[in-house]
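What follows is the content of coords26.cif, which has mmCIF, C-alpha atoms:
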data_coords
loop_
_atom_site.label_atom_id
_atom_site.label_comp_id
_atom_site.auth_asym_id
_atom_site.auth_seq_id
_atom_site.Cartn_x
_atom_site.Cartn_y
_atom_site.Cartn_z
CA MET A 1 0.00 0.00 0.00
CA ARG A 2 1.28 3.46 -0.87
CA ASP A 3 1.72 5.73 2.11
CA TYR A 4 -0.65 8.35 0.71
CA GLU A 5 -3.55 6.07 -0.16
CA LYS A 6 -6.90 7.65 0.78
CA LYS A 7 -4.99 10.48 2.35
CA GLY A 8 -6.12 14.09 2.57
CA GLY A 9 -4.61 17.01 4.40
CA LYS A 10 -6.51 20.30 4.38
CA LYS A 11 -5.15 23.65 5.46
CA GLU A 12 -7.74 26.31 6.11
CA VAL A 13 -7.28 29.36 3.88
CA THR A 14 -9.56 32.05 2.52
CA ALA A 15 -9.89 31.39 -1.21
CA THR A 16 -11.41 33.42 -4.01
CA SER A 17 -10.06 30.99 -6.61
CA GLN A 18 -8.01 27.83 -6.63
CA TYR A 19 -5.95 25.54 -8.82
CA LEU A 20 -6.71 21.82 -8.82
CA PHE A 21 -3.71 19.80 -9.99
CA LEU A 22 -5.18 16.48 -10.97
CA ASP A 23 -3.84 13.14 -12.13
CA PHE A 24 -5.56 9.82 -12.81
CA GLU A 25 -4.33 6.32 -13.49
CA PHE A 26 -6.46 4.09 -15.71
CA THR A 27 -7.20 0.45 -16.40
CA MET A 28 -5.35 -1.08 -19.33
CA PRO A 29 -6.39 -3.86 -21.74
CA GLU A 30 -4.37 -7.03 -21.93
CA THR A 31 -4.27 -6.82 -25.72
CA LYS A 32 -5.98 -4.76 -28.42
CA MET A 33 -8.72 -7.40 -28.62
CA GLU A 34 -9.05 -8.35 -24.96
CA PRO A 35 -11.22 -7.73 -23.06
CA LYS A 36 -13.93 -7.17 -25.65
CA GLY A 37 -15.46 -3.70 -25.68
CA PHE A 38 -12.79 -2.35 -23.35
CA PHE A 39 -12.48 1.32 -22.49
CA PRO A 40 -10.19 2.86 -19.84
CA GLU A 41 -11.60 3.52 -16.38
CA ILE A 42 -10.12 5.61 -13.58
CA ILE A 43 -8.58 3.46 -10.85
CA GLU A 44 -6.51 6.02 -8.95
CA VAL A 45 -6.83 9.74 -8.27
CA GLY A 46 -4.25 12.24 -7.05
CA LEU A 47 -5.27 15.83 -6.31
CA VAL A 48 -3.29 18.84 -5.09
CA VAL A 49 -5.20 22.03 -4.25
CA VAL A 50 -3.32 25.34 -4.46
CA VAL A 51 -4.61 28.72 -3.29
CA ASN A 52 -2.49 31.88 -3.45
CA ASP A 53 0.59 29.86 -4.46
CA GLU A 54 0.24 27.69 -1.37
CA ILE A 55 -0.74 24.02 -1.14
CA CYS A 56 -3.79 23.88 1.11
CA ASP A 57 -5.14 20.38 0.45
CA GLN A 58 -4.28 17.05 -1.12
CA PHE A 59 -6.14 13.82 -1.71
CA SER A 60 -5.38 10.38 -3.08
CA SER A 61 -7.32 7.15 -3.34
CA TYR A 62 -7.77 4.08 -5.43
CA VAL A 63 -11.03 3.90 -7.37
CA LYS A 64 -13.03 0.75 -8.16
CA PRO A 65 -13.76 0.34 -11.88
CA THR A 66 -17.32 -0.70 -12.72
CA ARG A 67 -17.45 -1.98 -16.32
CA PHE A 68 -14.23 -3.99 -16.11
CA PRO A 69 -13.65 -4.54 -12.38
CA VAL A 70 -10.90 -7.16 -12.76
CA LEU A 71 -7.53 -5.66 -13.62
CA THR A 72 -5.50 -7.19 -16.41
CA ASN A 73 -2.05 -8.57 -15.67
CA ARG A 74 -0.60 -5.87 -17.92
CA CYS A 75 -2.28 -3.14 -15.88
CA LYS A 76 -1.19 -4.57 -12.52
CA SER A 77 2.39 -4.94 -13.72
CA PHE A 78 2.64 -1.50 -15.34
CA LEU A 79 1.13 0.40 -12.38
CA ASN A 80 2.54 -1.92 -9.70
CA ILE A 81 -0.80 -2.33 -7.97
CA THR A 82 -2.88 -5.29 -6.83
CA GLN A 83 -6.50 -6.24 -7.31
CA GLU A 84 -6.96 -6.12 -3.53
CA GLN A 85 -5.87 -2.47 -3.37
CA ILE A 86 -8.35 -1.51 -6.08
CA ASN A 87 -11.15 -3.49 -4.42
CA GLN A 88 -10.69 -1.36 -1.28
CA GLY A 89 -10.89 1.90 -3.19
CA MET A 90 -13.72 4.41 -3.40
CA SER A 91 -16.50 4.04 -5.95
CA PHE A 92 -16.56 6.14 -9.11
CA HIS A 93 -19.76 7.81 -7.84
CA GLU A 94 -17.91 8.84 -4.68
CA LEU A 95 -15.04 10.19 -6.77
CA VAL A 96 -17.35 12.37 -8.89
CA ALA A 97 -19.11 13.65 -5.76
CA LEU A 98 -15.74 14.54 -4.22
CA LEU A 99 -14.56 16.39 -7.34
CA CYS A 100 -17.87 18.26 -7.46
CA LYS A 101 -17.34 19.35 -3.88
CA TYR A 102 -13.88 20.74 -4.66
CA ASP A 103 -15.15 22.46 -7.78
CA ARG A 104 -18.08 24.10 -6.00
CA SER A 105 -16.03 25.35 -3.05
CA CYS A 106 -14.77 28.31 -5.13
CA PRO A 107 -13.93 29.12 -8.78
CA SER A 108 -11.47 26.44 -9.90
CA THR A 109 -8.93 25.93 -12.66
CA VAL A 110 -8.09 22.28 -13.26
CA VAL A 111 -4.53 21.62 -14.41
CA THR A 112 -3.47 18.27 -15.88
CA TRP A 113 -0.47 17.02 -17.81
CA GLY A 114 -2.07 16.24 -21.17
CA SER A 115 -5.69 15.90 -22.23
CA MET A 116 -6.21 12.22 -21.40
CA ASP A 117 -7.28 12.74 -17.79
CA MET A 118 -10.23 14.96 -18.69
CA LYS A 119 -11.13 12.82 -21.70
CA VAL A 120 -11.37 9.63 -19.66
CA LEU A 121 -13.21 11.41 -16.83
CA LYS A 122 -15.83 12.68 -19.30
CA GLU A 123 -16.20 9.25 -20.89
CA ASN A 124 -16.51 7.54 -17.49
CA CYS A 125 -19.11 10.08 -16.35
CA LYS A 126 -21.12 9.49 -19.52
CA ALA A 127 -20.93 5.70 -19.09
CA ALA A 128 -22.10 6.01 -15.46
CA ASN A 129 -24.78 8.59 -16.33
CA LEU A 130 -23.20 11.13 -14.00
CA PRO A 131 -22.65 14.86 -14.56
CA PHE A 132 -19.15 16.06 -15.34
CA PRO A 133 -17.88 17.50 -12.03
CA PHE A 134 -15.95 20.55 -13.25
CA THR A 135 -17.45 23.87 -14.34
CA GLY A 136 -14.37 26.07 -14.65
CA GLU A 137 -11.31 26.31 -16.87
CA HIS A 138 -9.11 23.37 -17.76
CA ARG A 139 -5.44 23.90 -18.58
CA ASP A 140 -3.45 21.25 -20.41
CA LEU A 141 0.02 21.95 -19.05
CA ALA A 142 1.69 19.54 -21.49
CA MET A 143 0.33 21.58 -24.40
CA GLU A 144 1.35 24.85 -22.74
CA TYR A 145 4.85 23.44 -22.20
CA LYS A 146 5.08 22.39 -25.84
CA LEU A 147 3.99 25.79 -27.14
CA PHE A 148 6.11 27.77 -24.67
CA PHE A 149 9.33 26.01 -25.62
CA GLY A 150 8.43 25.54 -29.28
CA ASN A 151 8.76 21.77 -29.14
CA LYS A 152 7.60 19.69 -32.08
CA ASN A 153 6.22 16.86 -29.95
CA HIS A 154 4.70 16.55 -26.50
CA THR A 155 7.15 15.98 -23.65
CA GLY A 156 6.52 13.39 -20.97
CA LEU A 157 5.86 14.61 -17.42
CA ARG A 158 9.06 13.23 -15.90
CA LYS A 159 11.23 14.33 -18.83
CA ALA A 160 9.80 17.87 -18.61
CA ILE A 161 10.77 18.29 -14.96
CA GLN A 162 14.22 16.83 -15.72
CA GLU A 163 14.71 19.41 -18.47
CA TYR A 164 14.43 22.00 -15.69
CA GLY A 165 17.20 20.20 -13.81
CA ASN A 166 14.85 18.68 -11.24
CA GLU A 167 13.41 15.26 -10.53
CA GLY A 168 9.78 14.27 -10.30
CA VAL A 169 8.11 13.66 -6.95
CA GLY A 170 8.06 10.02 -5.87
CA LYS A 171 7.35 7.42 -8.53
CA ALA A 172 6.02 7.76 -12.05
CA HIS A 173 2.42 6.61 -12.59
CA CYS A 174 1.51 7.17 -8.95
CA ALA A 175 -1.40 9.61 -9.15
CA LEU A 176 -0.55 11.89 -6.22
CA ASP A 177 3.16 11.94 -7.05
CA ASP A 178 2.37 12.92 -10.64
CA ALA A 179 -0.08 15.60 -9.46
CA PHE A 180 2.67 17.13 -7.30
CA THR A 181 5.12 16.92 -10.20
CA THR A 182 2.61 18.69 -12.44
CA TYR A 183 2.32 21.45 -9.86
CA ASN A 184 6.11 21.82 -9.69
CA ILE A 185 6.38 22.17 -13.48
CA PHE A 186 3.51 24.66 -13.45
CA ARG A 187 5.39 26.89 -11.02
CA LEU A 188 8.56 26.74 -13.11
CA VAL A 189 6.78 27.57 -16.38
CA GLU A 190 4.77 30.38 -14.79
CA ASN A 191 7.97 31.89 -13.37
CA ASP A 192 9.58 31.77 -16.81
CA LYS A 193 6.53 33.48 -18.32
CA LYS A 194 6.69 36.24 -15.71
CA TYR A 195 10.42 36.72 -16.34
CA LEU A 196 9.86 37.13 -20.08
CA MET A 197 7.06 39.63 -19.48
CA LYS A 198 9.28 41.72 -17.18
CA THR A 199 12.30 41.63 -19.48
CA LYS A 200 12.41 44.85 -21.53
CA PRO A 201 13.49 44.69 -25.17
CA PRO A 202 17.09 45.86 -25.68
CA THR A 203 17.74 49.43 -26.79
CA ILE A 204 19.67 50.21 -29.99
CA GLY A 205 22.70 50.97 -27.82
CA GLU A 206 22.44 47.53 -26.21
CA ARG A 207 22.12 45.80 -29.56
CA ILE A 208 25.15 47.59 -31.04
CA ASP A 209 28.53 47.78 -29.38
CA LEU A 210 28.98 51.56 -29.69
CA THR A 211 32.60 51.36 -28.58
CA GLN A 212 33.49 49.17 -31.57
CA LEU A 213 31.44 51.41 -33.86
CA ARG A 214 33.29 54.54 -32.79
CA LYS A 215 36.64 52.84 -33.34
CA LYS A 216 35.58 51.90 -36.86
CA PHE A 217 34.75 55.47 -37.83
CA ALA A 218 37.83 56.86 -36.06
CA LEU A 219 40.12 54.96 -38.44
#
As structure tokens - that is how I would like this structure written.
Amino acid sequence: MRDYEKKGGKKEVTATSQYLFLDFEFTMPETKMEPKGFFPEIIEVGLVVVVNDEICDQFSSYVKPTRFPVLTNRCKSFLNITQEQINQGMSFHELVALLCKYDRSCPSTVVTWGSMDMKVLKENCKAANLPFPFTGEHRDLAMEYKLFFGNKNHTGLRKAIQEYGNEGVGKAHCALDDAFTTYNIFRLVENDKKYLMKTKPPTIGERIDLTQLRKKFAL
């Protein structure tokens, strides 16, 4: 069992808006053809709540899948989890209710690394006939990272933090660890954006070495 399973830690702050850094892990098929009719379901959630640049809450739990409740061997091996851990998780209905509660507490911006988390959440809500829990803005940080640095392809979460000279939190594909890593990259990118906005364009004198220019005309 991971030490943060079903763990929350709330710090009371006055919030007018908040960022929800969210990461999910999903079920995986054994092969392209098995099981029949397969679609990914959320089986782990990691959430970090940030208000005024300060972490005020976090939550993590396993989630029981409903359409395909038995994990494939491929899924268990890749995510390093057991069927017993998933069986003890919260239901998907409970997960949606929890996310709704966070969203309704104050205006929220959800930040994920990539678009897959929101896509699967929407598909799972539709399959369960439940409303989508978020009403505010969603920011795909992987896309923002790609556009900001002018990369041709998307960069993986762990590689992105390493390109900043840092390491990701905990282990890859652990929902809460990846949510914290997403938050850390967000801070770094936002700081770079602020630096570029504050940096004034160079003057003509800064672009041209006037000392060398004067020497040229003095000859």
From A:Pro133, A:Tyr195, A:Gln18, A:Phe149, residue lying nearest A:Val48 [all atoms listed in the file]
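Among the listed residues, A:Gln18 lies closest to A:Val48.
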Name every residue that the PyMOL selection byres ((chain A and resi 190-192) around 12) selects in this structure, writing the answer as an NGL selection string with chains first and numbers rising.
:A and (53 or 141 or 144-145 or 148-149 or 164 or 183-189 or 193-199)
Specify as a ChimeraX atom specification each residue included when the PyMOL selection byres ((chain A and resi 24-31) around 9) is applied to this file.
/A:22-23,32-35,38-47,65,68,71-76,78-79,116-117,120-121,173-176,178-179
Selected residue of minimal separation from A:Leu130 among A:Arg67, A:Lys36, A:Lys171, A:His93, counting all atoms listed in the file
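Of A:Arg67, A:Lys36, A:Lys171, A:His93, the one nearest A:Leu130, counting all atoms listed in the file, is A:His93.
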Residue contacts of A:Asp103 (8 Å, only C-alpha atoms) excluding same-chain residues fewer than 6 positions away, as a PyMOL selection string:
chain A and resi 133-136
Atoms kept (C-alpha atoms) for selection, written as a PDB file, in the frame of the given file:
ATOM      1  CA  PRO A 133     -17.880  17.500 -12.030  1.00  0.00           C
ATOM      2  CA  PHE A 134     -15.950  20.550 -13.250  1.00  0.00           C
ATOM      3  CA  THR A 135     -17.450  23.870 -14.340  1.00  0.00           C
ATOM      4  CA  GLY A 136     -14.370  26.070 -14.650  1.00  0.00           C
TER       5      GLY A 136
END
Expansion of the PyMOL selection byres ((chain A and resi 86) around 8) into residues, as a VMD selection string:
chain A and resid 43 62 to 64 81 to 85 87 to 89
Would you pick out the contacts of A:Ser105 at 9 Å or less, using all atoms listed in the file, so that residues sharing its chain but fewer than 3 positions from it are not included, and give the list as an mmCIF file with C-alpha atoms, in the coordinates of the input?
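Done, and the output landed in out03.cif:
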data_model
loop_
_atom_site.group_PDB
_atom_site.id
_atom_site.type_symbol
_atom_site.label_atom_id
_atom_site.label_comp_id
_atom_site.auth_asym_id
_atom_site.auth_seq_id
_atom_site.Cartn_x
_atom_site.Cartn_y
_atom_site.Cartn_z
ATOM 1 C CA ALA A 15 -9.890 31.390 -1.210
ATOM 2 C CA SER A 17 -10.060 30.990 -6.610
ATOM 3 C CA CYS A 100 -17.870 18.260 -7.460
ATOM 4 C CA LYS A 101 -17.340 19.350 -3.880
ATOM 5 C CA TYR A 102 -13.880 20.740 -4.660
ATOM 6 C CA SER A 108 -11.470 26.440 -9.900
#
Length of the atom CA of A:Glu163 to atom CA of A:Trp113 vector [Å]
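We find that atom CA of A:Glu163 and atom CA of A:Trp113 lie 15.4 Å from each other.
Atom pair atom CA of A:Gly114 / atom CA of A:Asp57: separated by 22.2 Å.
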Taking all atoms listed in the file into account, name the residue in A:Pro107, A:Leu20, A:Pro131, A:His154 that is nearest to A:Phe59.
A:Leu20
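Rounded to one decimal, atom CA of A:Gly170 and atom CA of A:Phe21 lie 15.8 Å from each other.
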From the options A:Cys125, A:Val110, A:Val70, A:Ser115, which residue's atoms come nearest to A:Ala97, counting all atoms listed in the file?
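Nearest candidate to A:Ala97 out of A:Cys125, A:Val110, A:Val70, A:Ser115: A:Cys125.
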Incomplete stretch 155-169 of chain A filled out to N, CA and C atoms as a compact mmCIF listing (two decimals), in the frame of the given file:
# COMPACT_ATOMS: atom_id res chain seq x y z
N THR A 155 6.12 16.49 -24.55
CA THR A 155 7.15 15.98 -23.65
C THR A 155 6.49 15.26 -22.49
N GLY A 156 7.05 14.13 -22.11
CA GLY A 156 6.52 13.39 -20.97
C GLY A 156 6.70 14.17 -19.68
N LEU A 157 5.85 13.88 -18.69
CA LEU A 157 5.86 14.61 -17.42
C LEU A 157 7.23 14.56 -16.75
N ARG A 158 7.79 13.37 -16.61
CA ARG A 158 9.06 13.23 -15.90
C ARG A 158 10.22 13.84 -16.70
N LYS A 159 10.17 13.74 -18.01
CA LYS A 159 11.23 14.33 -18.83
C LYS A 159 11.18 15.85 -18.74
N ALA A 160 9.96 16.41 -18.68
CA ALA A 160 9.80 17.87 -18.61
C ALA A 160 10.43 18.43 -17.34
N ILE A 161 10.21 17.79 -16.21
CA ILE A 161 10.77 18.29 -14.96
C ILE A 161 12.29 18.11 -14.96
N GLN A 162 12.78 17.05 -15.61
CA GLN A 162 14.22 16.83 -15.72
C GLN A 162 14.88 17.88 -16.60
N GLU A 163 14.16 18.36 -17.60
CA GLU A 163 14.71 19.41 -18.47
C GLU A 163 14.90 20.72 -17.71
N TYR A 164 14.23 20.86 -16.58
CA TYR A 164 14.43 22.00 -15.69
C TYR A 164 15.54 21.72 -14.67
N GLY A 165 16.13 20.55 -14.75
CA GLY A 165 17.20 20.20 -13.81
C GLY A 165 16.70 19.64 -12.50
N ASN A 166 15.43 19.25 -12.46
CA ASN A 166 14.85 18.68 -11.24
C ASN A 166 14.39 17.26 -11.49
N GLU A 167 13.96 16.61 -10.43
CA GLU A 167 13.41 15.26 -10.53
C GLU A 167 11.94 15.28 -10.12
N GLY A 168 11.18 14.35 -10.66
CA GLY A 168 9.78 14.27 -10.30
C GLY A 168 9.60 13.80 -8.87
N VAL A 169 8.43 14.08 -8.31
CA VAL A 169 8.11 13.66 -6.95
C VAL A 169 7.79 12.17 -6.95
